[in-house]
>>> print(open('input-v2.csv').read())   # CSV, C-alpha atoms and all ligand atoms
chain,number,residue,atom,x,y,z
A,1,MET,CA,-12.1,1.7,-19.9
A,2,GLU,CA,-10.1,-1.3,-21.1
A,3,LEU,CA,-6.7,-1.8,-19.6
A,4,LYS,CA,-5.0,-2.7,-22.9
A,5,ASN,CA,-5.6,0.9,-24.3
A,6,LEU,CA,-4.2,2.7,-21.3
A,7,ASN,CA,-0.9,4.4,-20.5
A,8,ILE,CA,-0.2,4.5,-16.8
A,9,THR,CA,2.1,6.7,-14.7
A,10,ILE,CA,3.3,5.3,-11.4
A,11,ALA,CA,5.0,7.7,-9.0
A,12,GLY,CA,7.2,5.9,-6.5
A,13,GLY,CA,6.9,2.8,-8.7
A,14,THR,CA,10.4,1.4,-7.9
A,15,GLY,CA,9.4,0.1,-4.5
A,16,PHE,CA,7.7,-3.2,-3.4
A,17,LEU,CA,4.1,-2.3,-4.5
A,18,GLY,CA,5.3,-0.5,-7.6
A,19,GLN,CA,7.1,-3.6,-8.8
A,20,VAL,CA,4.0,-5.7,-8.1
A,21,LEU,CA,2.0,-3.3,-10.2
A,22,ILE,CA,4.5,-3.2,-13.0
A,23,GLU,CA,4.7,-7.0,-13.2
A,24,TYR,CA,0.9,-7.2,-13.3
A,25,PHE,CA,0.3,-4.3,-15.7
A,26,LYS,CA,3.2,-4.7,-18.1
A,27,THR,CA,1.4,-7.3,-20.2
A,28,ARG,CA,-2.0,-5.7,-19.8
A,29,VAL,CA,-1.6,-2.0,-20.5
A,30,LYS,CA,-0.1,0.0,-23.4
A,31,HIS,CA,2.8,1.7,-21.6
A,32,ILE,CA,4.0,2.4,-18.0
A,33,TYR,CA,5.8,5.6,-17.0
A,34,VAL,CA,7.6,5.5,-13.6
A,35,LEU,CA,8.6,8.5,-11.6
A,36,SER,CA,11.7,7.9,-9.5
A,37,ARG,CA,14.4,9.9,-7.8
A,38,ASN,CA,17.0,7.7,-9.3
A,39,PHE,CA,18.0,6.8,-12.8
A,40,ARG,CA,16.9,3.3,-14.1
A,41,PRO,CA,17.2,1.8,-17.5
A,42,ASN,CA,14.0,1.8,-19.6
A,43,SER,CA,12.5,-1.4,-21.0
A,44,LYS,CA,10.1,-1.9,-24.0
A,45,LYS,CA,7.1,-1.3,-21.8
A,46,VAL,CA,8.5,0.9,-19.0
A,47,THR,CA,9.9,4.4,-19.2
A,48,TYR,CA,11.5,5.9,-16.1
A,49,LEU,CA,11.5,9.7,-15.6
A,50,ILE,CA,13.5,11.5,-12.9
A,51,TRP,CA,11.6,13.6,-10.4
A,52,ASP,CA,12.4,14.8,-6.8
A,53,GLY,CA,8.9,14.3,-5.4
A,54,LYS,CA,8.6,18.1,-4.7
A,55,ASN,CA,9.2,20.3,-7.8
A,56,GLN,CA,7.8,20.5,-11.3
A,57,GLY,CA,10.0,19.3,-14.1
A,58,ASP,CA,10.4,17.4,-17.3
A,59,TRP,CA,8.6,14.5,-15.6
A,60,THR,CA,5.2,16.2,-15.9
A,61,ARG,CA,5.2,15.2,-19.6
A,62,ALA,CA,4.4,11.6,-18.5
A,63,LEU,CA,1.0,12.9,-17.3
A,64,ALA,CA,0.2,14.5,-20.6
A,65,SER,CA,0.6,11.0,-22.2
A,66,SER,CA,-1.2,9.0,-19.5
A,67,ASP,CA,-4.7,7.9,-18.8
A,68,VAL,CA,-4.1,6.9,-15.2
A,69,LEU,CA,-1.9,8.2,-12.4
A,70,ILE,CA,-1.0,6.0,-9.5
A,71,ASN,CA,1.0,7.5,-6.6
A,72,LEU,CA,2.9,5.2,-4.2
A,73,ALA,CA,5.7,7.6,-3.2
A,74,GLY,CA,6.8,7.9,0.4
A,75,LYS,CA,9.7,7.3,2.7
A,76,SER,CA,9.5,3.8,4.2
A,77,VAL,CA,7.8,3.8,7.7
A,78,ASP,CA,10.2,1.0,8.7
A,79,CYS,CA,12.5,3.2,10.8
A,80,ARG,CA,12.6,4.8,14.2
A,81,TYR,CA,10.2,7.6,14.6
A,82,THR,CA,12.8,10.2,15.4
A,83,PRO,CA,11.8,13.9,14.8
A,84,ALA,CA,13.8,13.9,11.5
A,85,ASN,CA,12.3,10.6,10.3
A,86,LYS,CA,8.8,11.7,11.2
A,87,LYS,CA,9.2,14.9,9.2
A,88,ALA,CA,10.6,12.9,6.2
A,89,ILE,CA,7.7,10.4,6.4
A,90,ILE,CA,5.1,13.2,6.3
A,91,ASP,CA,6.9,15.4,3.8
A,92,SER,CA,7.7,12.6,1.3
A,93,ARG,CA,3.9,11.8,1.1
A,94,VAL,CA,2.4,15.3,1.4
A,95,GLU,CA,4.9,17.1,-0.9
A,96,SER,CA,4.9,14.4,-3.6
A,97,THR,CA,1.1,14.4,-3.6
A,98,LYS,CA,1.0,18.2,-3.9
A,99,ALA,CA,3.6,18.2,-6.7
A,100,LEU,CA,1.5,15.7,-8.6
A,101,GLY,CA,-1.7,17.8,-7.9
A,102,LEU,CA,0.0,20.9,-9.3
A,103,ALA,CA,1.2,19.0,-12.4
A,104,MET,CA,-2.4,17.5,-12.9
A,105,HIS,CA,-3.8,21.0,-12.5
A,106,ASN,CA,-1.4,22.4,-15.2
A,107,CYS,CA,-1.8,19.5,-17.6
A,108,GLU,CA,-4.0,20.3,-20.6
A,109,THR,CA,-5.5,16.8,-20.8
A,110,PRO,CA,-4.7,15.1,-17.5
A,111,PRO,CA,-5.2,11.4,-16.7
A,112,SER,CA,-8.9,10.8,-16.1
A,113,VAL,CA,-8.1,8.6,-13.0
A,114,TRP,CA,-5.8,9.4,-10.1
A,115,VAL,CA,-5.3,6.5,-7.5
A,116,ASN,CA,-3.3,7.7,-4.5
A,117,ALA,CA,-1.9,5.3,-1.9
A,118,SER,CA,-3.0,5.7,1.7
A,119,THR,CA,-2.9,3.1,4.4
A,120,GLY,CA,-5.2,0.9,6.5
A,121,THR,CA,-3.2,2.1,9.4
A,122,ILE,CA,-5.4,5.3,9.3
A,123,TYR,CA,-7.9,3.5,11.5
A,124,GLU,CA,-7.5,3.2,15.2
A,125,HIS,CA,-6.2,0.1,16.9
A,126,SER,CA,-9.1,-2.5,16.8
A,127,GLU,CA,-9.2,-6.1,17.8
A,128,SER,CA,-12.9,-6.8,17.3
A,129,THR,CA,-14.5,-3.9,15.5
A,130,PRO,CA,-14.3,-3.9,11.7
A,131,MET,CA,-13.3,-0.6,10.2
A,132,ASP,CA,-15.0,0.1,6.9
A,133,GLU,CA,-14.8,3.3,4.8
A,134,GLU,CA,-18.0,4.8,6.2
A,135,HIS,CA,-18.0,3.9,9.9
A,136,GLY,CA,-14.3,3.2,10.6
A,137,ARG,CA,-12.8,5.4,13.3
A,138,LEU,CA,-9.7,7.3,12.4
A,139,GLY,CA,-7.0,7.3,15.0
A,140,ASN,CA,-4.7,10.1,16.4
A,141,THR,CA,-1.3,8.5,16.8
A,142,PHE,CA,1.7,9.6,14.6
A,143,SER,CA,1.1,7.1,11.8
A,144,GLU,CA,-2.6,7.7,11.8
A,145,GLU,CA,-2.0,11.4,11.5
A,146,VAL,CA,0.4,10.8,8.6
A,147,ALA,CA,-2.3,9.0,6.7
A,148,LYS,CA,-4.9,11.8,7.4
A,149,LYS,CA,-2.5,14.5,6.2
A,150,TRP,CA,-1.7,12.4,3.1
A,151,GLU,CA,-5.4,12.0,2.2
A,152,ARG,CA,-6.1,15.7,2.9
A,153,ALA,CA,-3.3,16.7,0.5
A,154,PHE,CA,-4.8,14.3,-2.1
A,155,PHE,CA,-8.4,15.5,-1.8
A,156,ASP,CA,-7.3,19.2,-1.7
A,157,PHE,CA,-6.9,18.6,-5.4
A,158,TYR,CA,-10.0,18.9,-7.5
A,159,ARG,CA,-10.6,18.9,-11.2
A,160,ARG,CA,-13.9,17.9,-12.5
A,161,GLU,CA,-12.6,15.6,-15.2
A,162,VAL,CA,-10.3,13.7,-12.8
A,163,ARG,CA,-11.7,10.7,-10.9
A,164,GLN,CA,-9.9,10.4,-7.6
A,165,VAL,CA,-9.5,7.2,-5.5
A,166,ALA,CA,-7.5,7.0,-2.2
A,167,VAL,CA,-6.6,3.4,-1.4
A,168,ARG,CA,-6.2,2.5,2.3
A,169,ILE,CA,-3.9,-0.4,1.8
A,170,ALA,CA,-3.6,-3.3,4.3
A,171,ILE,CA,-0.3,-5.2,4.7
A,172,VAL,CA,0.4,-6.6,1.3
A,173,LEU,CA,2.0,-10.1,1.3
A,174,GLY,CA,4.4,-10.6,-1.6
A,175,LYS,CA,7.0,-13.0,-2.9
A,176,LYS,CA,9.9,-10.4,-3.2
A,177,GLY,CA,9.3,-7.7,-0.7
A,178,GLY,CA,7.1,-6.2,2.0
A,179,ALA,CA,6.4,-7.3,5.5
A,180,LEU,CA,6.3,-11.1,4.8
A,181,GLN,CA,10.1,-11.3,4.1
A,182,PRO,CA,11.4,-10.3,7.6
A,183,ILE,CA,8.6,-12.4,9.4
A,184,LYS,CA,9.6,-15.4,7.2
A,185,ALA,CA,13.3,-14.9,8.1
A,186,ILE,CA,12.7,-14.8,11.9
A,187,SER,CA,10.3,-17.8,11.6
A,188,LYS,CA,12.9,-19.9,9.9
A,189,LEU,CA,15.3,-19.1,12.8
A,190,GLY,CA,12.7,-20.5,15.3
A,191,PHE,CA,11.3,-17.2,16.5
A,192,GLY,CA,8.0,-17.5,14.6
A,193,GLY,CA,5.7,-17.7,17.7
A,194,GLN,CA,3.2,-15.0,18.5
A,195,GLN,CA,4.3,-11.4,18.7
A,196,GLY,CA,3.1,-9.5,21.8
A,197,ASN,CA,-0.1,-11.2,23.1
A,198,GLY,CA,-0.8,-12.5,19.6
A,199,ASN,CA,-4.4,-11.1,19.7
A,200,GLN,CA,-3.8,-8.3,17.3
A,201,GLN,CA,-5.5,-8.6,14.0
A,202,ILE,CA,-3.5,-8.5,10.8
A,203,SER,CA,-5.3,-7.0,7.8
A,204,TRP,CA,-3.6,-8.4,4.8
A,205,MET,CA,-3.9,-8.8,1.0
A,206,HIS,CA,-2.1,-11.1,-1.4
A,207,GLU,CA,0.0,-9.0,-3.9
A,208,GLU,CA,-1.9,-10.4,-6.9
A,209,ASP,CA,-5.2,-9.3,-5.3
A,210,PHE,CA,-3.7,-5.9,-4.6
A,211,ALA,CA,-2.8,-5.4,-8.3
A,212,ARG,CA,-6.2,-6.9,-9.4
A,213,ALA,CA,-8.0,-4.5,-7.1
A,214,ILE,CA,-6.1,-1.5,-8.6
A,215,GLY,CA,-7.1,-2.7,-12.1
A,216,PHE,CA,-10.7,-3.1,-10.9
A,217,ILE,CA,-10.8,0.4,-9.6
A,218,ILE,CA,-9.2,1.8,-12.8
A,219,THR,CA,-11.7,0.0,-15.1
A,220,HIS,CA,-14.8,0.9,-13.1
A,221,PRO,CA,-15.4,4.6,-13.9
A,222,GLU,CA,-18.3,4.8,-11.4
A,223,GLN,CA,-16.0,4.1,-8.4
A,224,GLU,CA,-14.4,7.1,-6.6
A,225,GLY,CA,-13.5,8.3,-3.1
A,226,ILE,CA,-12.0,6.1,-0.4
A,227,PHE,CA,-11.4,2.3,-0.8
A,228,ASN,CA,-10.0,-0.1,1.8
A,229,LEU,CA,-7.8,-2.6,0.0
A,230,ALA,CA,-7.6,-5.8,2.2
A,231,ALA,CA,-8.7,-9.4,2.2
A,232,PRO,CA,-12.3,-9.9,3.3
A,233,LEU,CA,-11.2,-11.0,6.8
A,234,PRO,CA,-8.2,-10.3,8.9
A,235,ILE,CA,-6.4,-12.9,11.0
A,236,ARG,CA,-5.0,-12.7,14.5
A,237,ASN,CA,-1.3,-12.6,14.7
A,238,ARG,CA,-1.1,-15.8,16.7
A,239,HIS,CA,-3.0,-17.7,14.0
A,240,PHE,CA,-1.1,-16.1,11.2
A,241,MET,CA,2.2,-17.2,12.8
A,242,GLN,CA,0.8,-20.8,13.2
A,243,ASN,CA,-0.1,-20.9,9.5
A,244,LEU,CA,3.3,-19.5,8.5
A,245,ARG,CA,5.2,-22.1,10.7
A,246,ALA,CA,3.2,-24.9,9.3
A,247,ILE,CA,3.8,-23.9,5.7
A,248,LEU,CA,7.5,-23.3,6.4
A,249,LYS,CA,7.6,-26.7,8.2
A,250,VAL,CA,9.3,-25.1,11.3
A,251,PRO,CA,7.9,-26.8,14.4
A,252,LEU,CA,9.7,-24.4,16.8
A,253,GLY,CA,8.0,-21.1,17.3
A,254,ILE,CA,9.4,-19.1,20.2
A,255,ASN,CA,7.0,-16.3,21.3
A,256,LEU,CA,8.2,-12.7,21.2
A,257,PRO,CA,6.7,-10.8,24.1
A,258,ARG,CA,6.4,-7.0,23.9
A,259,PRO,CA,9.5,-6.0,26.0
A,260,LEU,CA,11.7,-8.3,23.8
A,261,LEU,CA,10.2,-6.8,20.7
A,262,GLU,CA,10.8,-3.3,22.0
A,263,LEU,CA,14.5,-4.1,22.5
A,264,GLY,CA,14.8,-5.8,19.1
A,265,ALA,CA,13.1,-2.9,17.4
A,266,ARG,CA,15.6,-0.5,18.9
A,267,LEU,CA,18.5,-2.7,17.7
A,268,ILE,CA,17.2,-3.0,14.1
A,269,LYS,CA,16.0,0.6,14.1
A,270,THR,CA,12.3,0.1,13.6
A,271,GLU,CA,9.1,0.5,15.6
A,272,THR,CA,7.0,-2.2,17.3
A,273,GLU,CA,3.8,-0.5,16.1
A,274,LEU,CA,4.3,-2.1,12.7
A,275,ILE,CA,3.6,-5.5,14.2
A,276,LEU,CA,1.7,-4.8,17.5
A,277,LYS,CA,-1.0,-2.5,16.2
A,278,SER,CA,-4.3,-4.3,15.6
A,279,ARG,CA,-5.6,-3.5,12.1
A,280,TYR,CA,-9.2,-4.6,11.4
A,281,VAL,CA,-9.7,-3.2,7.9
A,282,GLN,CA,-12.9,-4.2,6.1
A,283,PRO,CA,-12.9,-3.8,2.3
A,284,LYS,CA,-16.6,-3.1,2.3
A,285,ARG,CA,-16.8,-0.8,-0.8
A,286,LEU,CA,-14.6,-3.2,-2.9
A,287,LEU,CA,-16.8,-6.2,-2.0
A,288,ASN,CA,-20.0,-4.2,-2.6
A,289,ALA,CA,-18.7,-3.1,-6.0
A,290,GLY,CA,-18.4,-6.7,-7.0
A,291,PHE,CA,-14.6,-7.4,-6.6
A,292,LYS,CA,-13.8,-11.1,-6.1
A,293,HIS,CA,-10.6,-11.8,-4.2
A,294,LYS,CA,-8.6,-14.7,-5.5
A,295,PHE,CA,-7.0,-15.3,-2.0
A,296,THR,CA,-9.4,-15.1,0.8
A,297,SER,CA,-7.5,-17.2,3.4
A,298,PRO,CA,-4.0,-16.5,4.6
A,299,GLU,CA,-3.2,-20.2,4.4
A,300,LEU,CA,-3.9,-20.1,0.6
A,301,ALA,CA,-2.0,-16.9,0.2
A,302,LEU,CA,1.0,-18.1,2.1
A,303,LYS,CA,1.1,-21.4,0.3
A,304,ASP,CA,1.1,-19.6,-3.0
A,305,LEU,CA,3.7,-17.1,-2.0
A,306,LEU,CA,6.1,-19.5,-0.2
A,307,SER,CA,5.9,-22.5,-2.4
A,401,LIG,N1,3.7,-2.4,1.4
A,401,LIG,C1,2.6,-2.4,2.1
A,401,LIG,O1,2.1,-3.4,2.6
A,401,LIG,C2,1.9,-1.1,2.3
A,401,LIG,C3,0.7,-1.0,3.1
A,401,LIG,C4,0.1,0.2,3.3
A,401,LIG,C5,0.5,1.3,2.7
A,401,LIG,N2,1.6,1.3,1.9
A,401,LIG,C6,2.1,2.5,1.3
A,401,LIG,O2,2.1,2.4,-0.1
A,401,LIG,C7,3.3,3.1,-0.6
A,401,LIG,C8,4.1,2.1,-1.4
A,401,LIG,O3,4.5,1.1,-0.6
A,401,LIG,P1,5.8,0.2,-0.9
A,401,LIG,O4,5.8,-1.0,0.0
A,401,LIG,O5,6.0,0.0,-2.3
A,401,LIG,O6,7.0,1.2,-0.4
A,401,LIG,P2,8.5,1.3,-0.8
A,401,LIG,O7,9.0,-0.1,-1.2
A,401,LIG,O8,9.2,1.9,0.3
A,401,LIG,O9,8.5,2.2,-2.1
A,401,LIG,C9,8.1,3.6,-2.0
A,401,LIG,C10,8.8,4.4,-3.1
A,401,LIG,O10,8.7,5.7,-2.7
A,401,LIG,C11,9.8,6.5,-3.2
A,401,LIG,N3,10.2,7.4,-2.2
A,401,LIG,C12,10.8,7.2,-1.0
A,401,LIG,N4,11.1,8.3,-0.4
A,401,LIG,C13,10.7,9.3,-1.2
A,401,LIG,C14,10.7,10.7,-1.1
A,401,LIG,N5,11.3,11.4,-0.1
A,401,LIG,N6,10.2,11.4,-2.2
A,401,LIG,C15,9.7,10.8,-3.2
A,401,LIG,N7,9.6,9.5,-3.4
A,401,LIG,C16,10.1,8.8,-2.4
A,401,LIG,C17,10.9,5.5,-3.6
A,401,LIG,O11,11.1,5.6,-5.0
A,401,LIG,P3,12.5,6.2,-5.6
A,401,LIG,O12,13.6,5.9,-4.5
A,401,LIG,O13,12.7,5.4,-6.8
A,401,LIG,O14,12.3,7.6,-5.8
A,401,LIG,C18,10.3,4.1,-3.2
A,401,LIG,O15,10.5,3.2,-4.3
A,401,LIG,C19,4.0,3.7,0.5
A,401,LIG,O16,3.8,5.0,0.6
A,401,LIG,C20,3.5,2.9,1.7
A,401,LIG,O17,3.4,3.7,2.9
A,401,LIG,C21,2.3,0.1,1.7
>>> encode(input="input-v2.csv", output="structure tokens")
Amino acid sequence: MELKNLNITIAGGTGFLGQVLIEYFKTRVKHIYVLSRNFRPNSKKVTYLIWDGKNQGDWTRALASSDVLINLAGKSVDCRYTPANKKAIIDSRVESTKALGLAMHNCETPPSVWVNASTGTIYEHSESTPMDEEHGRLGNTFSEEVAKKWERAFFDFYRREVRQVAVRIAIVLGKKGGALQPIKAISKLGFGGQQGNGNQQISWMHEEDFARAIGFIITHPEQEGIFNLAAPLPIRNRHFMQNLRAILKVPLGINLPRPLLELGARLIKTETELILKSRYVQPKRLLNAGFKHKFTSPELALKDLLS
């Protein structure tokens, strides 16, 4: 399977990771279709189709013309976990995955590969035990349950001719979006010390390696099932923040203890779990399959992204 011959549909492709994939794939594949709830102007290589993430519609014709389906749709988890937000976080993932499954089922010649987003957050909090695809322990908190429901909806779909890969994505570090931007902003203000006790592991991946890994999975027809997408090694929050301060050349790094973070999270309407949970995601299957990361140290990744 050569990328240059492929048409790709990306559901939820207007967000941070979708834009990373579009930038990477637009010079490498034949055409990209993006499913979005909002109108966007098309370009030479990218066609936008409207969907609502729930119901069948005209958008399903993108699948009939595509070789690959990538699903990234889901309400951002960067919000307070109120009952309404919790329901929207779950529904936006489960319903969109089911809608795609039905469309794939009804499609005469569906894409031969379906890559569905999941998250490295599916594993329980771990500071020292690496969580790989085979032995990693799945947790039972709200966000861990979301990931389990999401993957269940995905693997409920089965069609012999469709290869399915669920990607448990670590925190992707990027130039224009994602978790790095707010951390960079507070660091520049002098608050780039450790968060909480600073021992929590950050499983991360450079945006280019994320896109390369998706390309690797697409072009390796023998690979299916669950894949962790992360750099080979995580880094403790304390050391990540030290690296970031050094690269930003900000000597002052005030620590943010848990109570202060709890207060701040309430004010900016988010949850501390996003920065305090320790994620030790090991990309064992990706490494065993022969994928070579370009960015293996956070220092290299941050220098590249912030220079
Ligand atoms: N970024 C990371 O580091 C990371 C790490 C692990 C997992 N993930 C997961 O990977 C996926 C993509 O991440 P991202 O950072 O690109 O997220 P994002 O920037 O929030 O983009 C997600 C996209 O989903 C669509 N969406 C939102 N609510 C929806 C709904 N109710 N129904 C249907 N579509 C909806 C939106 O597209 P429209 O508004 O155009 O419809 C949006 O552009 C997410 O599901 C996220 O949980 C991300």
>>> closest_residue(input="input-v2.csv", among="A:Phe191, A:Phe142, A:Phe39, A:Phe16", to="ligand LIG 401 (chain A)", atoms="all atoms listed in the file")
A:Phe16
>>> residues_near_ligand(input="input-v2.csv", ligand="ligand LIG 401 (chain A)", cutoff="7 Å", atoms="only C-alpha atoms and all ligand atoms", output="PDB file with C-alpha atoms, in the coordinates of the input")
ATOM      1  CA  GLY A  12       7.200   5.900  -6.500  1.00  0.00           C
ATOM      2  CA  GLY A  13       6.900   2.800  -8.700  1.00  0.00           C
ATOM      3  CA  THR A  14      10.400   1.400  -7.900  1.00  0.00           C
ATOM      4  CA  GLY A  15       9.400   0.100  -4.500  1.00  0.00           C
ATOM      5  CA  PHE A  16       7.700  -3.200  -3.400  1.00  0.00           C
ATOM      6  CA  LEU A  17       4.100  -2.300  -4.500  1.00  0.00           C
ATOM      7  CA  GLY A  18       5.300  -0.500  -7.600  1.00  0.00           C
ATOM      8  CA  LEU A  35       8.600   8.500 -11.600  1.00  0.00           C
ATOM      9  CA  SER A  36      11.700   7.900  -9.500  1.00  0.00           C
ATOM     10  CA  ARG A  37      14.400   9.900  -7.800  1.00  0.00           C
ATOM     11  CA  ASN A  38      17.000   7.700  -9.300  1.00  0.00           C
ATOM     12  CA  ASP A  52      12.400  14.800  -6.800  1.00  0.00           C
ATOM     13  CA  GLY A  53       8.900  14.300  -5.400  1.00  0.00           C
ATOM     14  CA  LEU A  72       2.900   5.200  -4.200  1.00  0.00           C
ATOM     15  CA  ALA A  73       5.700   7.600  -3.200  1.00  0.00           C
ATOM     16  CA  GLY A  74       6.800   7.900   0.400  1.00  0.00           C
ATOM     17  CA  LYS A  75       9.700   7.300   2.700  1.00  0.00           C
ATOM     18  CA  SER A  76       9.500   3.800   4.200  1.00  0.00           C
ATOM     19  CA  VAL A  77       7.800   3.800   7.700  1.00  0.00           C
ATOM     20  CA  ALA A  88      10.600  12.900   6.200  1.00  0.00           C
ATOM     21  CA  SER A  92       7.700  12.600   1.300  1.00  0.00           C
ATOM     22  CA  ARG A  93       3.900  11.800   1.100  1.00  0.00           C
ATOM     23  CA  SER A  96       4.900  14.400  -3.600  1.00  0.00           C
ATOM     24  CA  ALA A 117      -1.900   5.300  -1.900  1.00  0.00           C
ATOM     25  CA  SER A 118      -3.000   5.700   1.700  1.00  0.00           C
ATOM     26  CA  THR A 119      -2.900   3.100   4.400  1.00  0.00           C
ATOM     27  CA  GLY A 120      -5.200   0.900   6.500  1.00  0.00           C
ATOM     28  CA  ARG A 168      -6.200   2.500   2.300  1.00  0.00           C
ATOM     29  CA  ILE A 169      -3.900  -0.400   1.800  1.00  0.00           C
ATOM     30  CA  ALA A 170      -3.600  -3.300   4.300  1.00  0.00           C
ATOM     31  CA  ILE A 171      -0.300  -5.200   4.700  1.00  0.00           C
ATOM     32  CA  VAL A 172       0.400  -6.600   1.300  1.00  0.00           C
ATOM     33  CA  LEU A 173       2.000 -10.100   1.300  1.00  0.00           C
ATOM     34  CA  GLY A 178       7.100  -6.200   2.000  1.00  0.00           C
ATOM     35  CA  ALA A 179       6.400  -7.300   5.500  1.00  0.00           C
TER      36      ALA A 179
END
>>> atom_distance(input="input-v2.csv", atom1="CA of Val34 (chain A)", atom2="CA of Ala62 (chain A)")
8.5 Å
>>> closest_residue(input="input-v2.csv", among="A:Leu305, A:Leu102, A:Ala153, A:Ile70", to="Glu208 (chain A)", atoms="all atoms listed in the file")
A:Leu305
>>> residues_around(input="input-v2.csv", residues="region 155-160 of chain A", least_positions_apart="5", cutoff="12 Å", atoms="all atoms listed in the file", output="PyMOL selection string")
chain A and resi 94+97-116+118+148-150+165-166+224-226
>>> closest_residue(input="input-v2.csv", among="A:Ile275, A:Lys30, A:Gln56, A:Gln195", to="Leu260 (chain A)", atoms="only C-alpha atoms")
A:Gln195
>>> residues_near_point(input="input-v2.csv", point="(0.6, 6.0, -14.1)", cutoff="6 Å", atoms="all atoms listed in the file", output="short mmCIF file (atom, residue, chain, number, x, y, z; two decimals) with C-alpha atoms, keeping the file's coordinate frame")
data_model
loop_
_atom_site.label_atom_id
_atom_site.label_comp_id
_atom_site.auth_asym_id
_atom_site.auth_seq_id
_atom_site.Cartn_x
_atom_site.Cartn_y
_atom_site.Cartn_z
CA ILE A 8 -0.20 4.50 -16.80
CA THR A 9 2.10 6.70 -14.70
CA ILE A 10 3.30 5.30 -11.40
CA TYR A 33 5.80 5.60 -17.00
CA VAL A 68 -4.10 6.90 -15.20
CA LEU A 69 -1.90 8.20 -12.40
CA ILE A 70 -1.00 6.00 -9.50
#
>>> atom_distance(input="input-v2.csv", atom1="CA of Asn42 (chain A)", atom2="CA of Gly215 (chain A)")
22.8 Å
>>> closest_residue(input="input-v2.csv", among="A:Lys45, A:His239, A:Arg285, A:His293", to="Asp209 (chain A)", atoms="only C-alpha atoms")
A:His293
>>> closest_residue(input="input-v2.csv", among="A:Ser278, A:Asn288, A:Asn85, A:Thr272", to="Glu124 (chain A)", atoms="all atoms listed in the file")
A:Ser278
>>> closest_residue(input="input-v2.csv", among="A:His125, A:Arg40, A:Lys188, A:Lys294", to="Leu276 (chain A)", atoms="all atoms listed in the file")
A:His125
>>> residues_around(input="input-v2.csv", residues="Phe240 (chain A)", least_positions_apart="2", cutoff="9 Å", atoms="only C-alpha atoms", output="short mmCIF file (atom, residue, chain, number, x, y, z; two decimals) with C-alpha atoms, in the coordinates of the input")
data_model
loop_
_atom_site.label_atom_id
_atom_site.label_comp_id
_atom_site.auth_asym_id
_atom_site.auth_seq_id
_atom_site.Cartn_x
_atom_site.Cartn_y
_atom_site.Cartn_z
CA GLN A 194 3.20 -15.00 18.50
CA ILE A 202 -3.50 -8.50 10.80
CA ILE A 235 -6.40 -12.90 11.00
CA ARG A 236 -5.00 -12.70 14.50
CA ASN A 237 -1.30 -12.60 14.70
CA ARG A 238 -1.10 -15.80 16.70
CA GLN A 242 0.80 -20.80 13.20
CA ASN A 243 -0.10 -20.90 9.50
CA LEU A 244 3.30 -19.50 8.50
CA ARG A 245 5.20 -22.10 10.70
CA PRO A 298 -4.00 -16.50 4.60
CA GLU A 299 -3.20 -20.20 4.40
#
>>> residues_around(input="input-v2.csv", residues="Arg80 (chain A)", least_positions_apart="6", cutoff="6 Å", atoms="only C-alpha atoms", output="list in words")
Lys269, Thr270 and Glu271 of chain A
>>> atom_distance(input="input-v2.csv", atom1="CA of Ala11 (chain A)", atom2="CA of Ser66 (chain A)")
12.3 Å
>>> closest_atom_pairs(input="input-v2.csv", of="region 193-264 of chain A", to="region 128-140 of chain A", cutoff="9 Å", atoms="all atoms listed in the file", output="JSON lines")
{"residue": "A:Gln201", "atom": "CA", "partner": "A:Ser128", "partner_atom": "CA", "distance": 8.3}
{"residue": "A:Ile226", "atom": "CA", "partner": "A:Glu133", "partner_atom": "CA", "distance": 6.5}
{"residue": "A:Phe227", "atom": "CA", "partner": "A:Glu133", "partner_atom": "CA", "distance": 6.6}
{"residue": "A:Asn228", "atom": "CA", "partner": "A:Glu133", "partner_atom": "CA", "distance": 6.6}
